[in-house]
Structures are given as structure tokens and as C-alpha cells.
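**Q** My questions all concern the structure below.
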Amino acid sequence: MMRIAALILYLLMPALAALAENRFPQPQFESGYTMPVTTTPSPRAATVEMLDILILVGALSLAAWLILKKRSRRGVFLLTVFSLLYFGFWRKGCVCSIGSIQNVAAWLSGSEAILPVSVAAFFILPLVFALFFGRVFCAAVCPLGAIQEMMILFPKLFPRQVSLALGMIPVSYLGVAVLLAATGSSFIICRFDPFVPVFRLSGEPVMILVGVGLLVLGIFVARPFCRFLCPYGVLLNWASRLSKWHATITPTECDQCRLCERACPFDAIRMPVTCPVSESRATGVRRLKVLLLLVVALGSAGAWGGAHLDRVLAPLNAKVRLVQVLGSSDPAVEKQFSVELEAFRSGERNPDTLAAEAEAIRRQFRRGGTCLGGFLGLVFGLSILSVSIRRARDSYEPDRGECLSCARCYLSCPEEHKRLKT
Amino acid sequence: MSELQTTGAMQSRREFLRTLLRGVLLAGLAGMGARALLGRRCQSATSSDRVKLCKGCPDLASCSSAVLSAGHKVWQLDPAKCTQCGRCATQCVLQASAVKCVHRPKQCGYCRLCFGFFQPGATTLTSAAENQICPTGAIRRKFIEEPYYEYTIDESLCIGCGRCVKGCSAFGNSSLVLQVRHDRCVNCNECSIARNCPSDAFRQVQATAPYLLNPRSERTAS
């Protein structure tokens with residue numbers, strides 16, 4: 001009887017909710033009972049993050065020394081193992097330089113997002129090192145590169161045209177990721193990171209499968225993620241082209257012995273070009289004119305196309321999607337987003353302000369999409385242009401952009417063996 | 001001979017452009033780093049939790065360490081916005097979610113009939129499995145004195161589904177809330193639960209005050 005009365009009372013409670021904050025008074029204990037205290041385990045201290053920055057600087061410096069000065073593949077490999085263990089399995093691969101692009105994009109877009117010092121350091125330091133020493137970060141510090149480095153067993157090379165075409169994937173990925181981060185929609189680089197779930201040994205099953213799949217692919221295609229997906233690799237590639245010093249295959253003069261030709265699993269070694277004048281100046285100039293026009297045309301076409309990207313990309317933003325769902329009367333959509341709809345109805349958000357916010361985000365997407373499309377068109381056009389320009393080269397050299405500075409090619413050079421003997 | 005000179009000139013011109021561009025980029029990166037490191041004080045007006053810390057002092061030397069370390073943030077769930085949809089249990093990157101039910105004894109009424117513990121249709125008020133609302137039996141019920149019962153959460157069993165939180169906030173004192181437990185949370189760059197939260201209840205808070213357990217601040221926040 002008591003219980004039924006209590007039940008009825010409790011069932012009436014939601015109606016009284018507005019009146020009562022504490023529906024039941026705090027009990028007065030007589031048995032000497034002491035209340036337990038709610039525990040609040042603290043997060044990693046900020047000082048530990050600073051330690052990460054120090055280790056990053058140390059690893060980058062050591063990598064630069066091992067690659068450029070010591071010229072030791074063994075040393076680079078040992079450092080790679082350390083990075084895999086520390087930045088990968090111990091720190092679980094987060095925060096990484098690749099993901100930090102998005103924090104920087106969100107921060108630069110002027111939203112409320114802040115840039116923690118550790119994230120800023122992970123973004124800036126590898127780029128600074130690339131501007132001086134080439135991609136030493138890729139060589140031995142990046143945990144995502146390190147885990148793939150362990151898998152290179154039977155690397156196969158494929159035609160340059162294929163790798164050039166595949167090289168457009170990371171640029172597009174970078175552009176879309178920056179646009180989505182700057183509009184506050186999503187951090188797709190983190191969401192679709194294939195190796196962090198492997199480091200954590202937990203995560204979305206699909207991403208774990210993709211990660212394992214990439215590792216298996218990595219047995220035959222050396223470092224597939226780094227070369228054909230990594231958006232930070234694009235930035236490092238550009239920075240490394242400007243590098244002050246860079247790894248060289250030979251420690252002295254190239255004998256053109258061709259022994260290093262097949263030494264690079266990443267197809268980053270460029271052969272000597274003697275550059276005979278094979279065409280008249282007039283045809284060369286005409287070709288260049290056509291190509292420059294093509295660059296402009298691709299850029300404009302990209303900008304035009306990018307302005308329409310908002311239809312595809314804007315629904316990735318939760319607010320835009322919610323407005324879409326609220327506006328649709330399709331029962332299937334309502335069923336799919338029932339949790340979102342219920343949360344919206346039980347909350348106090350105003351539909352009109354939500355719609356206005358969603359429209360503002362859409363505008364951002366249109367503006368950003370135009371820039372993104374134009375940028376991608378330009379990059380595509382310029383990479384076509386660069387293929388048709390031949391520059392004289394009198395020795396075997398690593399491609400400054402694509403070389404990961406792994407130091408594999410050193411030991412295939414007879415001059416290097418001479419140097420080691422003395 | 002002239003050809004050699006041309007190549008040399010080309011080399012040095014390219015080298016010059018390269019150096020110039022490198023300098024510009026380095027300056028840009030340095031500026032970005034400096035703004036991230038020092039500019040945090042200037043940004044303080046934009047976010048509410050910074051306003052309290054920032055005294056608007058002009059020079060960095062007098063800036064307190066609390067403001068300087070303000071960039072270190074962690075994810076947390078605002079109980080005032082949470083609608084207990086159950087996604088915390090499924091969307092975390094960790095296999096058992098980093099979000100757990102947290103009990104605030106100071107809010108608790110120590111009820112005999114706890115709607116955070118019992119199923120709505122429970123026939124008897126015993127801790128038999130069929131009576132419990134918790135799918136993993138993570139809540140312990142202990143008799144203290146008539147008519148009070150103590151409830152404790154076994155975090156090793158809790159999956160963060162929030163069913164008990166829903167019951168307690170609908171019928172009780174809201175002494176049970178969901179919180180990100182920072183001994184488990186790996187502090188992802190973008191929290192996977194936050195991305196999927198339908199009520200926008202996740203936000204990044206100062207690492208120095210990583211929990212939102214104070215009922216008063218919740219009310220002002222909402």
C-alpha cells in the first residue's frame with residue numbers, strides 16, 4: 001500500500017520538477033554514517049604535455065643529425081622504433097602533427113577554438129625542421145610513418161604518372177579537412193585516422209580494418225598512407241622543397257654508377273637529365289603558354305565547382321543537418337535522426353536562431369568551397385606544368401619534395417662505402 | 001662557358017627565391033607560435049571561462065600562471081544539457097566508454113525507492129537482477145539506517161549508458177550524472193562522443209577544473 005502511494009507520488013514528480021530542485025531533503029543520519037566523497041581523477045598534467053614537446057624537439061634534432069651528419073640508416077631505424085613506441089603505443093598517437101592542421105585551421109578561422117601550446121608545437125616544429133633539413137619528421141619521428149616503415153618488405157614501384165595522379169589525393173584531403181575544421185563541422189583527419197585505433201587497440205571496427213588493410217598493402221606499396229593520403233605530408237613536401245640542407249645519396253660526387261637507381265622504395269630518386277635541346281624555342285614557348293592558360297582555366301573551373309560543394313559538405317555539420325532533418329517530413333529521416341530530434345525538442349534551442357546559424361555555416365561553406373576548388377585546380381594545373389619542365393641535373397638526386405629522408409639509399413652508393421672505410 | 005654561367009645564374013636565382021620564401025614561411029610559423037604562446041591572454045575576452053582568469057593586465061610578466069596554462073583543455077559533459085540518449089556508451093573510441101555515471105552523495109536523497117536503481121516496474125524493492133535498471137549491475141545498494149539506503153557506482157562495471165541518470169533526474173534529486181572520467185579518457189583531439197552528442201552537451205573545459213559536478217554552476221550554465 002505504502003509502495004503504491006509512493007509510486008503515485010513519484011509519478012507525479014515530473015510535474016513538480018519545475019518547483020523542486022532537491023525533491024528529497026538531505027537525510028539526517030543518526031548512525032554515525034559518513035558520506036563518501038565523489039572522486040575526481042585528474043587528467044594528464046600540462047607539464048607532461050611540455051615533456052612531449054621536448055621529446056619531439058629532441059627526436060627531430062636527432063633525426064636531422066643522423067640523416068645529414070652521421071648518415072646512419074641504422075640510427076634512423078632505431079629512432080623510428082622509439083617513435084613508434086613512444087608517440088605511437090605509449091602516447092596513443094594523439095595529439096599528432098597530422099591532426100593539428102585542423103586545430104590550426106579552426107583557430108585561424110577566428111572561431112572560439114583555441115590553440116593549445118602542445119598542438120601548436122606539433123604543427124610548427126616539423127615544418128620548421130623541414131624548411132632546414134627536409135622531411136626528417138617523416139623519416140623517423142611520425143608514429144604513423146613508423147608503423148608503416150616496419151611493413152616495407154617487398155616494395156613495388158609503379159609508373160610516375162600513377163604516383164603523380166595519386167598525389168592529388170592528399171592535397172584534396174588536406175583542402176576538405178581544412179574547410180570542415182574551419183567551419184567547425186568535423187575533424188575528419190582524426191575521425192578517419194587509420195593507425196591511431198591500432199595504437200589504442202580499440203576504436204571503430206571499420207577504421208581498424210582500414211588500418212590493418214593499409215599495413216598489409218604497405219608490404220608491397222611502401223608507406224601508402226604517407227605518400228597517397230597524408231595531408232600533413234603535403235605541407236612537409238612543400239616545405240622540404242625549400243629546405244636549406246637536404247639528404248643527398250652520395251656523400252661526395254655522384255659517379256653516375258646507377259647502383260642507387262632501385263634503392264628507393266618510395267620512388268623518390270631522380271635520374272640525371274642532360275637536357276638536350278629537343279625542340280625549338282618557339283614550340284617550347286607555345287607549350288608553356290598553353291599550359292599556363294590551362295592552369296588558369298583549371299583554377300577558375302575549380303573555384304566555380306567548389307562554390308557548389310556546400311550541398312555535399314554542409315550536411316556534415318551537425319547544425320546544418322539538424323535544420324535539414326527538422327524541415328523534412330520523411331518518416332524514414334525522422335526515424336534515423338530520432339535521437340537528435342528528441343534532444344532538440346527537449347532542449348530550449350530556438351528553431352529560428354538555429355536556422356540562421358545553419359545558413360551562416362552554409363555561407364561559410366560556399367565561400368570556403370570556392371577557395372578550396374580554386375586552390376585544388378591551381379595545384380592540379382601546376383603539377384601538370386611541372387611535369388613538362390625539364391631541368392638539367394648531373395647526378396642522381398632525391399626529389400626534395402617526395403624524399404622521406406629515410407637514408408636507405410646511402411648504402412647503395414659506392415662513395416658512401418669509401419667514406420665509411422676511411 | 002656561357003652556358004655554364006647561365007646555369008650558375010639560374011642556380012643562384014633559384015637559391016635566392018628559395019631562401020626568400022623560406023624566410024617568409026619561417027616568419028609566419030614563428031608568428032603563429034608566438035600568438036599561440038603569448039596571444040592567449042589577448043583572446044581571453046572571447047570565452048567565458050577565461051574572462052574570470054584574465055585581469056586585462058598589459059604585460060605578460062604579471063600574467064598569472066593560471067592564465068598561461070589556460071590553453072590546456074580536456075573534454076567534459078555538461079549534465080545540464082545531457083539528455084541521456086545513451087550514445088556515450090557506444091560512441092567512445094575506448095571499448096568501455098570513458099564516460100561513467102558519477103554519484104554525488106551530497107545531492108542524494110538516499111531514497112528507499114531509487115529510480116536510478118530500480119526498474120519502473122520492479123515488483124519488489126530488492127536488488128534482484130530483474131529489478132535493477134542498470135544493465136551491468138554496476139550500482140550497489142546498501143542499507144544505512146531506516147529509511148535510508150546508500151548507492152555506490154562500481155566504475156569497472158559501468159558502461160556510461162545513462163539509464164540510471166535518466167531515472168534519477170526524472171524522479172529524484174539528479175544526484176547521478178554522467179561525466180568523462182579523466183583516468184580513462186585519452187583526450188582525443190576531437191572527442192568522438194562530442195561529435196555524435198545530439199544535445200551539444202560536450203565541451204572543452206580547463207584541465208585545472210576538469211569536472212562539471214557542481215549543481216549550482218550547472219544551473220547558471222543552462
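FYI, nothing fancy with the C-alpha cells labels: chains A, B, ... in order, residues from 1 per chain, ligands from 1 as they appear.
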For chain A, work out the contacting residues on chain B at 7 Å, counting only C-alpha atoms, and write them as a PyMOL selection string.

**A** chain B and resi 18+22+26+29+33+36-37+46-47+71-72+83+85+93-95+103-105+108-109+145+170-173+181-183+188-190+198-199+207

**Q** Go ahead and dump the residues you just picked, N, CA and C atoms, as an mmCIF file, in the first residue's frame.

**A**
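Once written, again36.cif looks like this:
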data_model
loop_
_atom_site.group_PDB
_atom_site.id
_atom_site.type_symbol
_atom_site.label_atom_id
_atom_site.label_comp_id
_atom_site.auth_asym_id
_atom_site.auth_seq_id
_atom_site.Cartn_x
_atom_site.Cartn_y
_atom_site.Cartn_z
ATOM 1 N N ARG B 18 64.364 30.637 -53.128
ATOM 2 C CA ARG B 18 64.133 29.606 -52.116
ATOM 3 C C ARG B 18 64.384 30.171 -50.713
ATOM 4 N N ARG B 22 61.653 30.704 -47.851
ATOM 5 C CA ARG B 22 61.878 30.017 -46.583
ATOM 6 C C ARG B 22 61.798 31.005 -45.427
ATOM 7 N N LEU B 26 59.161 30.855 -42.408
ATOM 8 C CA LEU B 26 59.649 30.749 -41.031
ATOM 9 C C LEU B 26 59.071 31.868 -40.184
ATOM 10 N N LEU B 29 55.474 31.007 -39.429
ATOM 11 C CA LEU B 29 55.347 29.964 -38.406
ATOM 12 C C LEU B 29 55.714 30.510 -37.035
ATOM 13 N N GLY B 33 53.406 30.639 -33.748
ATOM 14 C CA GLY B 33 53.823 30.097 -32.458
ATOM 15 C C GLY B 33 53.749 31.143 -31.371
ATOM 16 N N ALA B 36 50.195 31.724 -30.420
ATOM 17 C CA ALA B 36 49.648 30.621 -29.627
ATOM 18 C C ALA B 36 50.174 30.680 -28.201
ATOM 19 N N LEU B 37 51.439 31.083 -28.069
ATOM 20 C CA LEU B 37 52.069 31.069 -26.750
ATOM 21 C C LEU B 37 51.682 32.297 -25.933
ATOM 22 N N THR B 46 37.133 36.322 -25.364
ATOM 23 C CA THR B 46 36.168 35.606 -26.195
ATOM 24 C C THR B 46 35.471 34.464 -25.467
ATOM 25 N N SER B 47 36.166 33.768 -24.591
ATOM 26 C CA SER B 47 35.479 32.649 -23.951
ATOM 27 C C SER B 47 35.243 32.933 -22.475
ATOM 28 N N GLY B 71 45.501 27.180 -21.849
ATOM 29 C CA GLY B 71 45.308 26.501 -23.122
ATOM 30 C C GLY B 71 45.088 25.011 -22.972
ATOM 31 N N HIS B 72 45.470 24.444 -21.833
ATOM 32 C CA HIS B 72 45.361 23.008 -21.647
ATOM 33 C C HIS B 72 43.913 22.657 -21.313
ATOM 34 N N THR B 83 20.900 14.750 -22.350
ATOM 35 C CA THR B 83 19.553 14.182 -22.416
ATOM 36 C C THR B 83 19.575 12.657 -22.262
ATOM 37 N N CYS B 85 20.866 10.166 -23.946
ATOM 38 C CA CYS B 85 20.451 9.433 -25.147
ATOM 39 C C CYS B 85 21.091 8.051 -25.216
ATOM 40 N N VAL B 93 35.842 6.117 -28.316
ATOM 41 C CA VAL B 93 36.846 5.315 -29.010
ATOM 42 C C VAL B 93 37.361 4.178 -28.137
ATOM 43 N N LEU B 94 37.142 4.287 -26.829
ATOM 44 C CA LEU B 94 37.566 3.210 -25.926
ATOM 45 C C LEU B 94 36.475 2.147 -25.875
ATOM 46 N N GLN B 95 36.906 0.910 -25.620
ATOM 47 C CA GLN B 95 35.953 -0.181 -25.703
ATOM 48 C C GLN B 95 34.910 -0.107 -24.588
ATOM 49 N N HIS B 103 28.264 9.507 -8.899
ATOM 50 C CA HIS B 103 27.287 9.749 -7.853
ATOM 51 C C HIS B 103 27.738 10.923 -7.003
ATOM 52 N N ARG B 104 26.808 11.845 -6.743
ATOM 53 C CA ARG B 104 27.129 12.985 -5.878
ATOM 54 C C ARG B 104 26.357 12.808 -4.571
ATOM 55 N N PRO B 105 26.985 12.215 -3.553
ATOM 56 C CA PRO B 105 26.252 11.898 -2.320
ATOM 57 C C PRO B 105 25.600 13.124 -1.696
ATOM 58 N N CYS B 108 22.240 13.389 -3.021
ATOM 59 C CA CYS B 108 21.419 12.181 -2.951
ATOM 60 C C CYS B 108 20.426 12.247 -1.803
ATOM 61 N N GLY B 109 19.201 11.760 -2.076
ATOM 62 C CA GLY B 109 18.195 11.688 -1.021
ATOM 63 C C GLY B 109 18.259 10.373 -0.264
ATOM 64 N N GLU B 145 20.474 3.198 7.426
ATOM 65 C CA GLU B 145 19.585 3.213 8.582
ATOM 66 C C GLU B 145 18.187 3.532 8.064
ATOM 67 N N ALA B 170 14.745 12.284 -13.603
ATOM 68 C CA ALA B 170 13.309 12.446 -13.839
ATOM 69 C C ALA B 170 12.518 12.414 -12.539
ATOM 70 N N PHE B 171 12.951 11.568 -11.599
ATOM 71 C CA PHE B 171 12.131 11.389 -10.402
ATOM 72 C C PHE B 171 12.848 11.763 -9.102
ATOM 73 N N GLY B 172 14.164 11.912 -9.183
ATOM 74 C CA GLY B 172 14.901 12.122 -7.939
ATOM 75 C C GLY B 172 15.614 13.447 -7.886
ATOM 76 N N ASN B 173 16.728 13.463 -7.171
ATOM 77 C CA ASN B 173 17.465 14.705 -6.925
ATOM 78 C C ASN B 173 18.530 15.007 -7.984
ATOM 79 N N ARG B 181 35.496 10.464 -17.285
ATOM 80 C CA ARG B 181 36.462 10.157 -16.227
ATOM 81 C C ARG B 181 37.862 10.287 -16.806
ATOM 82 N N HIS B 182 38.651 11.196 -16.219
ATOM 83 C CA HIS B 182 39.922 11.537 -16.850
ATOM 84 C C HIS B 182 41.041 10.536 -16.572
ATOM 85 N N ASP B 183 40.784 9.549 -15.700
ATOM 86 C CA ASP B 183 41.770 8.470 -15.580
ATOM 87 C C ASP B 183 41.649 7.542 -16.784
ATOM 88 N N CYS B 188 41.056 12.790 -26.926
ATOM 89 C CA CYS B 188 41.209 12.879 -28.389
ATOM 90 C C CYS B 188 41.131 14.327 -28.828
ATOM 91 N N ASN B 189 41.763 14.605 -29.918
ATOM 92 C CA ASN B 189 41.716 15.953 -30.496
ATOM 93 C C ASN B 189 40.267 16.369 -30.720
ATOM 94 N N GLU B 190 39.499 15.501 -31.364
ATOM 95 C CA GLU B 190 38.059 15.727 -31.453
ATOM 96 C C GLU B 190 37.372 14.545 -30.808
ATOM 97 N N PRO B 198 23.719 14.464 -29.414
ATOM 98 C CA PRO B 198 22.605 15.199 -30.008
ATOM 99 C C PRO B 198 22.256 16.474 -29.237
ATOM 100 N N SER B 199 22.722 16.590 -28.001
ATOM 101 C CA SER B 199 22.320 17.744 -27.186
ATOM 102 C C SER B 199 23.441 18.749 -27.028
ATOM 103 N N ALA B 207 41.763 22.146 -17.839
ATOM 104 C CA ALA B 207 42.268 20.917 -17.223
ATOM 105 C C ALA B 207 42.417 21.084 -15.718
#

**Q** Can you tell me, as an mmCIF file with C-alpha atoms, in the first residue's frame, which residues in region 124-207 of chain B count as strand (DSSP E) by DSSP?

**A**
data_model
loop_
_atom_site.group_PDB
_atom_site.id
_atom_site.type_symbol
_atom_site.label_atom_id
_atom_site.label_comp_id
_atom_site.auth_asym_id
_atom_site.auth_seq_id
_atom_site.Cartn_x
_atom_site.Cartn_y
_atom_site.Cartn_z
ATOM 1 C CA ILE B 139 25.126 0.159 -8.803
ATOM 2 C CA ARG B 140 25.421 -1.207 -5.258
ATOM 3 C CA ARG B 141 22.598 -0.605 -2.805
ATOM 4 C CA LYS B 142 23.427 -0.765 0.879
ATOM 5 C CA PHE B 143 21.167 -0.240 3.881
ATOM 6 C CA ILE B 144 22.390 2.565 6.153
ATOM 7 C CA GLU B 145 19.585 3.213 8.582
ATOM 8 C CA TYR B 148 17.987 5.438 4.034
ATOM 9 C CA TYR B 149 19.940 3.437 1.501
ATOM 10 C CA GLU B 150 23.351 4.252 0.128
ATOM 11 C CA TYR B 151 24.050 3.838 -3.603
ATOM 12 C CA THR B 152 27.556 3.475 -4.999
ATOM 13 C CA ILE B 153 28.765 3.065 -8.575
ATOM 14 C CA LEU B 176 23.600 10.721 -10.596
ATOM 15 C CA VAL B 177 25.257 12.408 -13.570
ATOM 16 C CA LEU B 178 27.372 11.264 -16.493
ATOM 17 C CA GLN B 179 30.956 12.558 -16.513
ATOM 18 C CA VAL B 180 34.074 11.958 -18.577
ATOM 19 C CA PHE B 202 30.219 18.166 -24.583
ATOM 20 C CA ARG B 203 32.683 20.983 -24.377
ATOM 21 C CA GLN B 204 36.343 21.503 -23.590
ATOM 22 C CA VAL B 205 36.975 22.728 -20.065
ATOM 23 C CA GLN B 206 40.098 23.860 -18.249
#

**Q** Could you name the residues that touch region 412-415 of chain A at 7 Å or less, counting only C-alpha atoms, but leaving out those on the same chain fewer than 4 positions away, as an MDAnalysis selection string?

**A** chainID A and resid 249:252 259:260 263 419

**Q** Region 68-175 of chain B: which residues are helix (DSSP H, G or I) by DSSP, as a PDB file with N, CA, C and O atoms, in the first residue's frame?

**A**
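Result file result-v1.pdb:
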ATOM      1  N   LEU B  68      48.211  31.458 -18.169  1.00  0.00           N
ATOM      2  CA  LEU B  68      49.157  30.931 -19.144  1.00  0.00           C
ATOM      3  C   LEU B  68      48.909  29.467 -19.454  1.00  0.00           C
ATOM      4  O   LEU B  68      49.072  29.025 -20.575  1.00  0.00           O
ATOM      5  N   SER B  69      48.504  28.701 -18.418  1.00  0.00           N
ATOM      6  CA  SER B  69      48.247  27.285 -18.669  1.00  0.00           C
ATOM      7  C   SER B  69      46.804  27.064 -19.118  1.00  0.00           C
ATOM      8  O   SER B  69      46.353  25.937 -19.225  1.00  0.00           O
ATOM      9  N   ALA B  70      46.105  28.164 -19.389  1.00  0.00           N
ATOM     10  CA  ALA B  70      44.683  28.051 -19.726  1.00  0.00           C
ATOM     11  C   ALA B  70      44.452  27.316 -21.045  1.00  0.00           C
ATOM     12  O   ALA B  70      43.354  26.883 -21.320  1.00  0.00           O
ATOM     13  N   GLY B  71      45.501  27.180 -21.849  1.00  0.00           N
ATOM     14  CA  GLY B  71      45.308  26.501 -23.122  1.00  0.00           C
ATOM     15  C   GLY B  71      45.088  25.011 -22.972  1.00  0.00           C
ATOM     16  O   GLY B  71      44.593  24.365 -23.879  1.00  0.00           O
ATOM     17  N   ARG B  87      24.300   7.473 -26.124  1.00  0.00           N
ATOM     18  CA  ARG B  87      25.403   7.358 -27.091  1.00  0.00           C
ATOM     19  C   ARG B  87      26.780   7.367 -26.425  1.00  0.00           C
ATOM     20  O   ARG B  87      27.743   6.926 -27.049  1.00  0.00           O
ATOM     21  N   CYS B  88      26.863   7.893 -25.205  1.00  0.00           N
ATOM     22  CA  CYS B  88      28.164   7.877 -24.515  1.00  0.00           C
ATOM     23  C   CYS B  88      28.684   6.450 -24.399  1.00  0.00           C
ATOM     24  O   CYS B  88      29.885   6.209 -24.402  1.00  0.00           O
ATOM     25  N   ALA B  89      27.736   5.493 -24.264  1.00  0.00           N
ATOM     26  CA  ALA B  89      28.152   4.098 -24.090  1.00  0.00           C
ATOM     27  C   ALA B  89      28.699   3.521 -25.378  1.00  0.00           C
ATOM     28  O   ALA B  89      29.519   2.609 -25.357  1.00  0.00           O
ATOM     29  N   THR B  90      28.246   4.060 -26.534  1.00  0.00           N
ATOM     30  CA  THR B  90      28.589   3.417 -27.799  1.00  0.00           C
ATOM     31  C   THR B  90      29.575   4.196 -28.648  1.00  0.00           C
ATOM     32  O   THR B  90      30.214   3.617 -29.513  1.00  0.00           O
ATOM     33  N   GLN B  91      29.702   5.514 -28.451  1.00  0.00           N
ATOM     34  CA  GLN B  91      30.471   6.317 -29.398  1.00  0.00           C
ATOM     35  C   GLN B  91      31.921   6.573 -28.988  1.00  0.00           C
ATOM     36  O   GLN B  91      32.691   7.109 -29.774  1.00  0.00           O
ATOM     37  N   ALA B 129      18.365  -9.033  -9.846  1.00  0.00           N
ATOM     38  CA  ALA B 129      18.796  -8.505 -11.149  1.00  0.00           C
ATOM     39  C   ALA B 129      17.632  -7.956 -11.953  1.00  0.00           C
ATOM     40  O   ALA B 129      17.763  -6.937 -12.623  1.00  0.00           O
ATOM     41  N   GLU B 130      16.452  -8.651 -11.885  1.00  0.00           N
ATOM     42  CA  GLU B 130      15.349  -8.214 -12.731  1.00  0.00           C
ATOM     43  C   GLU B 130      14.756  -6.880 -12.268  1.00  0.00           C
ATOM     44  O   GLU B 130      14.058  -6.221 -13.013  1.00  0.00           O
ATOM     45  N   ASN B 131      15.077  -6.468 -11.043  1.00  0.00           N
ATOM     46  CA  ASN B 131      14.570  -5.183 -10.553  1.00  0.00           C
ATOM     47  C   ASN B 131      15.450  -4.010 -10.952  1.00  0.00           C
ATOM     48  O   ASN B 131      15.014  -2.865 -10.890  1.00  0.00           O
ATOM     49  N   ARG B 163      21.168   5.189 -18.159  1.00  0.00           N
ATOM     50  CA  ARG B 163      19.778   4.840 -17.821  1.00  0.00           C
ATOM     51  C   ARG B 163      19.445   5.254 -16.393  1.00  0.00           C
ATOM     52  O   ARG B 163      18.374   5.767 -16.114  1.00  0.00           O
ATOM     53  N   CYS B 164      20.404   5.015 -15.481  1.00  0.00           N
ATOM     54  CA  CYS B 164      20.180   5.376 -14.084  1.00  0.00           C
ATOM     55  C   CYS B 164      20.081   6.893 -13.943  1.00  0.00           C
ATOM     56  O   CYS B 164      19.288   7.411 -13.157  1.00  0.00           O
ATOM     57  N   VAL B 165      20.901   7.620 -14.763  1.00  0.00           N
ATOM     58  CA  VAL B 165      20.887   9.072 -14.695  1.00  0.00           C
ATOM     59  C   VAL B 165      19.527   9.598 -15.111  1.00  0.00           C
ATOM     60  O   VAL B 165      18.967  10.516 -14.499  1.00  0.00           O
ATOM     61  N   LYS B 166      18.965   8.954 -16.133  1.00  0.00           N
ATOM     62  CA  LYS B 166      17.652   9.368 -16.617  1.00  0.00           C
ATOM     63  C   LYS B 166      16.607   9.187 -15.511  1.00  0.00           C
ATOM     64  O   LYS B 166      15.817  10.102 -15.238  1.00  0.00           O
ATOM     65  N   GLY B 167      16.644   8.020 -14.861  1.00  0.00           N
ATOM     66  CA  GLY B 167      15.692   7.755 -13.790  1.00  0.00           C
ATOM     67  C   GLY B 167      15.836   8.732 -12.651  1.00  0.00           C
ATOM     68  O   GLY B 167      14.856   9.305 -12.160  1.00  0.00           O
ATOM     69  N   CYS B 168      17.086   8.975 -12.263  1.00  0.00           N
ATOM     70  CA  CYS B 168      17.319   9.827 -11.094  1.00  0.00           C
ATOM     71  C   CYS B 168      16.961  11.273 -11.403  1.00  0.00           C
ATOM     72  O   CYS B 168      16.426  11.976 -10.562  1.00  0.00           O
ATOM     73  N   SER B 169      17.239  11.739 -12.646  1.00  0.00           N
ATOM     74  CA  SER B 169      16.933  13.142 -12.894  1.00  0.00           C
ATOM     75  C   SER B 169      15.449  13.349 -13.173  1.00  0.00           C
ATOM     76  O   SER B 169      14.935  14.448 -12.982  1.00  0.00           O
ATOM     77  N   ALA B 170      14.745  12.284 -13.603  1.00  0.00           N
ATOM     78  CA  ALA B 170      13.309  12.446 -13.839  1.00  0.00           C
ATOM     79  C   ALA B 170      12.518  12.414 -12.539  1.00  0.00           C
ATOM     80  O   ALA B 170      11.540  13.141 -12.389  1.00  0.00           O
ATOM     81  N   PHE B 171      12.951  11.568 -11.599  1.00  0.00           N
ATOM     82  CA  PHE B 171      12.131  11.389 -10.402  1.00  0.00           C
ATOM     83  C   PHE B 171      12.848  11.763  -9.102  1.00  0.00           C
ATOM     84  O   PHE B 171      12.219  11.869  -8.081  1.00  0.00           O
TER      85      PHE B 171
END

**Q** Please compute the CA of Tyr86 (chain A)-CA of Lys100 (chain B) distance, one decimal, in Å.

**A**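 Distance reported for this atom pair: 28.1 Å.
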
**Q** What's around Ala140 (chain A) at 10 Å? Count only C-alpha atoms, leave out sequence neighbours fewer than 2 positions away in its own chain, and write the answer as a list of chain:residue names.

**A**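 Surrounding residues, per the criterion: A:Ala59, A:Leu60, A:Leu62, A:Ala63, A:Ala64, A:Leu66, A:Ile67, A:Gly75, A:Val76, A:Phe77, A:Leu78, A:Leu79, A:Thr80, A:Val81, A:Phe82, A:Ser83, A:Leu84, A:Arg135, A:Val136, A:Phe137, A:Cys138, A:Cys142, A:Pro143, A:Gly145, A:Ala146, A:Glu149, A:Leu404, A:Ser405, A:Cys406.
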